[in-house]
Amino acid sequence: MTALKDVDHASAIESDEVSAADLLLPLLGSTRGSSASATAGIVVGCLVGIRDEGRTPLVVFPGKAGTAAVPARSTVDVQPGQVGRRVVLILEQGDVTRPIIFGVLRGEEGASQLAESRHVSVDADGERLVVNARHQIVFQCGKASITLTAAGKVLIQGTYVLSRSSGVNRIRGGSVQVN
């Protein structure tokens with residue numbers, strides 16, 4: 001961590017002209033007047049989930065390449081009830097893969113648009129795992145996949161599909177087609 005020994009910062013502190021941004025600049029690796037992008041320091045993102053039994057928050061934010069959520073560290077306690085809320089993030093050394101949640105924004109009702117477009121709910125109690133998504137859930141490994149759609153379709157695809165049962169193996173439907 002960078003110490004505040006810079007002469008300009010020291011004189012600003014002595015003259016009471018220091019702002020919160022001035023104090024954070026050495027920590028963010030930026031200087032006043034630089035043309036650093038928004039991703040080089042503080043950004044507002046969205047808490048989209050929590051994994052590892054509540055230890056690892058997942059966030060998305062503008063300026064991050066890709067659509068996957070990024071694991072974050074946090075300086076505040078983040079709860080599952082806060083999923084969908086906007087959060088203030090500091091990017092450690094400007095690295096978009098190392099966000100730190102600095103705080104949760106107050107006074108916002110409901111989830112942000114960013115959360116609504118990417119929100120997935122997971123409920124695990126040790127005996128049952130429930131995953132909810134708005135349109136589709138896809139489990140994929142190589143050429144094999146299982147897709148669940150909001151319309152009620154279950155699509156199983158693979159180069160080899162095997163169905164085994166030690167009891168009755170039933171196939172039911174409005175109509176059943178083989179080949």
# chains A, B, ... in the order shown; residues from 1 in each chain; ligands from 1
>>> residues_around(residues="Gly49 in chain A", least_positions_apart="3", cutoff="7 Å", atoms="only C-alpha atoms", output="list in words")
Pro57, Leu58 and Val83 of chain A
>>> closest_residue(among="A:Lys153, A:Gly54, A:Pro62, A:Gln93", to="Asp77 in chain A", atoms="only C-alpha atoms")
A:Gly54
>>> closest_residue(among="A:Ser166, A:Asn132, A:Ile42, A:Arg55", to="Pro80 in chain A", atoms="only C-alpha atoms")
A:Arg55
>>> closest_residue(among="A:Ala72, A:Val48, A:Val168, A:Ile137", to="Leu155 in chain A", atoms="only C-alpha atoms")
A:Ile137
>>> atom_distance(atom1="CA of Val70 in chain A", atom2="CA of Val96 in chain A")
8.5 Å
>>> closest_residue(among="A:Ala69, A:Ala151, A:Gln157, A:Gly63", to="Arg51 in chain A", atoms="only C-alpha atoms")
A:Ala69
>>> closest_residue(among="A:Gly167, A:Phe102, A:Thr56, A:Thr97", to="Val76 in chain A", atoms="only C-alpha atoms")
A:Phe102
>>> closest_residue(among="A:Ala68, A:Val43, A:Val59, A:Val138", to="Val88 in chain A", atoms="only C-alpha atoms")
A:Val43
>>> residues_around(residues="Gln82 in chain A", least_positions_apart="2", cutoff="9 Å", atoms="only C-alpha atoms", output="list in words")
Leu47, Val48, Gly49, Val78, Gln79, Pro80, Gly84, Arg85, Arg86, Val104 and Ala111 of chain A
>>> write_last_selection(atoms="N, CA and C atoms", output="compact mmCIF listing (two decimals), in the first residue's frame")
# COMPACT_ATOMS: atom_id res chain seq x y z
N LEU A 47 -24.22 -6.08 -7.20
CA LEU A 47 -24.02 -7.36 -6.52
C LEU A 47 -25.02 -8.34 -7.13
N VAL A 48 -24.52 -9.39 -7.82
CA VAL A 48 -25.41 -10.32 -8.51
C VAL A 48 -25.50 -11.69 -7.85
N GLY A 49 -24.70 -11.93 -6.84
CA GLY A 49 -24.77 -13.22 -6.17
C GLY A 49 -23.73 -13.31 -5.08
N VAL A 78 -21.78 -8.19 3.37
CA VAL A 78 -22.73 -8.29 2.26
C VAL A 78 -23.63 -9.49 2.52
N GLN A 79 -24.94 -9.29 2.46
CA GLN A 79 -25.92 -10.32 2.76
C GLN A 79 -26.68 -10.75 1.52
N PRO A 80 -27.21 -11.98 1.47
CA PRO A 80 -27.99 -12.43 0.31
C PRO A 80 -29.17 -11.52 -0.02
N GLY A 84 -28.68 -7.79 -6.06
CA GLY A 84 -29.45 -6.89 -6.91
C GLY A 84 -29.21 -5.42 -6.59
N ARG A 85 -28.59 -5.12 -5.46
CA ARG A 85 -28.30 -3.74 -5.08
C ARG A 85 -27.04 -3.25 -5.77
N ARG A 86 -26.97 -1.94 -5.95
CA ARG A 86 -25.77 -1.33 -6.53
C ARG A 86 -24.72 -1.19 -5.44
N VAL A 104 -22.39 -0.50 -0.01
CA VAL A 104 -23.65 -0.76 -0.71
C VAL A 104 -24.42 0.55 -0.74
N ALA A 111 -34.10 -4.04 -7.56
CA ALA A 111 -32.84 -4.32 -8.22
C ALA A 111 -32.60 -3.32 -9.34
>>> atom_distance(atom1="CA of Arg170 in chain A", atom2="CA of Arg134 in chain A")
29.2 Å
>>> residues_around(residues="Leu91 in chain A", least_positions_apart="4", cutoff="7 Å", atoms="only C-alpha atoms", output="JSON, numbers by chain")
{"A": [40, 41, 42, 95, 96, 98, 99, 100]}
>>> write_last_selection(atoms="N, CA and C atoms", output="compact mmCIF listing (two decimals), in the first residue's frame")
# COMPACT_ATOMS: atom_id res chain seq x y z
N ALA A 40 -10.09 2.55 -13.74
CA ALA A 40 -8.81 2.62 -13.05
C ALA A 40 -8.99 2.96 -11.57
N GLY A 41 -10.21 3.15 -11.10
CA GLY A 41 -10.39 3.52 -9.71
C GLY A 41 -11.69 3.08 -9.14
N ILE A 42 -12.59 4.02 -8.89
CA ILE A 42 -13.87 3.74 -8.24
C ILE A 42 -14.95 3.62 -9.31
N ASP A 95 -7.11 -3.08 -11.69
CA ASP A 95 -7.33 -4.40 -12.29
C ASP A 95 -8.81 -4.79 -12.18
N VAL A 96 -9.49 -4.95 -13.34
CA VAL A 96 -10.92 -5.27 -13.33
C VAL A 96 -11.21 -6.67 -12.82
N ARG A 98 -9.97 -7.69 -9.96
CA ARG A 98 -9.75 -7.63 -8.51
C ARG A 98 -10.58 -6.53 -7.85
N PRO A 99 -11.92 -6.61 -7.98
CA PRO A 99 -12.75 -5.57 -7.36
C PRO A 99 -12.88 -5.79 -5.85
N ILE A 100 -13.01 -4.68 -5.15
CA ILE A 100 -13.26 -4.70 -3.71
C ILE A 100 -14.53 -3.90 -3.47
>>> residues_around(residues="range 158-160 of chain A", least_positions_apart="2", cutoff="12 Å", atoms="only C-alpha atoms", output="PyMOL selection string")
chain A and resi 139-147+155-156+162-163
>>> write_last_selection(atoms="N, CA and C atoms", output="compact mmCIF listing (two decimals), in the first residue's frame")
# COMPACT_ATOMS: atom_id res chain seq x y z
N PHE A 139 -26.83 -26.37 -18.47
CA PHE A 139 -25.72 -27.11 -17.88
C PHE A 139 -24.96 -27.68 -19.07
N GLN A 140 -23.69 -27.36 -19.18
CA GLN A 140 -22.94 -27.79 -20.36
C GLN A 140 -21.57 -28.31 -19.97
N CYS A 141 -21.17 -29.39 -20.63
CA CYS A 141 -19.84 -29.96 -20.45
C CYS A 141 -19.45 -30.54 -21.81
N GLY A 142 -18.51 -29.95 -22.49
CA GLY A 142 -18.11 -30.43 -23.81
C GLY A 142 -19.28 -30.40 -24.77
N LYS A 143 -19.57 -31.56 -25.40
CA LYS A 143 -20.66 -31.64 -26.37
C LYS A 143 -22.00 -32.01 -25.73
N ALA A 144 -22.02 -32.18 -24.41
CA ALA A 144 -23.24 -32.56 -23.71
C ALA A 144 -23.87 -31.34 -23.04
N SER A 145 -25.22 -31.26 -23.07
CA SER A 145 -25.88 -30.16 -22.38
C SER A 145 -27.30 -30.54 -21.99
N ILE A 146 -27.76 -29.90 -20.93
CA ILE A 146 -29.16 -29.99 -20.50
C ILE A 146 -29.64 -28.55 -20.39
N THR A 147 -30.72 -28.23 -21.11
CA THR A 147 -31.26 -26.88 -21.12
C THR A 147 -32.68 -26.90 -20.57
N LEU A 155 -34.35 -29.86 -22.66
CA LEU A 155 -33.62 -30.33 -23.83
C LEU A 155 -32.35 -31.02 -23.38
N ILE A 156 -32.20 -32.29 -23.73
CA ILE A 156 -31.01 -33.06 -23.39
C ILE A 156 -30.30 -33.38 -24.69
N LEU A 162 -27.70 -42.00 -22.22
CA LEU A 162 -28.07 -43.26 -21.58
C LEU A 162 -29.07 -42.98 -20.48
N SER A 163 -30.12 -43.78 -20.42
CA SER A 163 -31.10 -43.68 -19.36
C SER A 163 -31.18 -45.05 -18.68
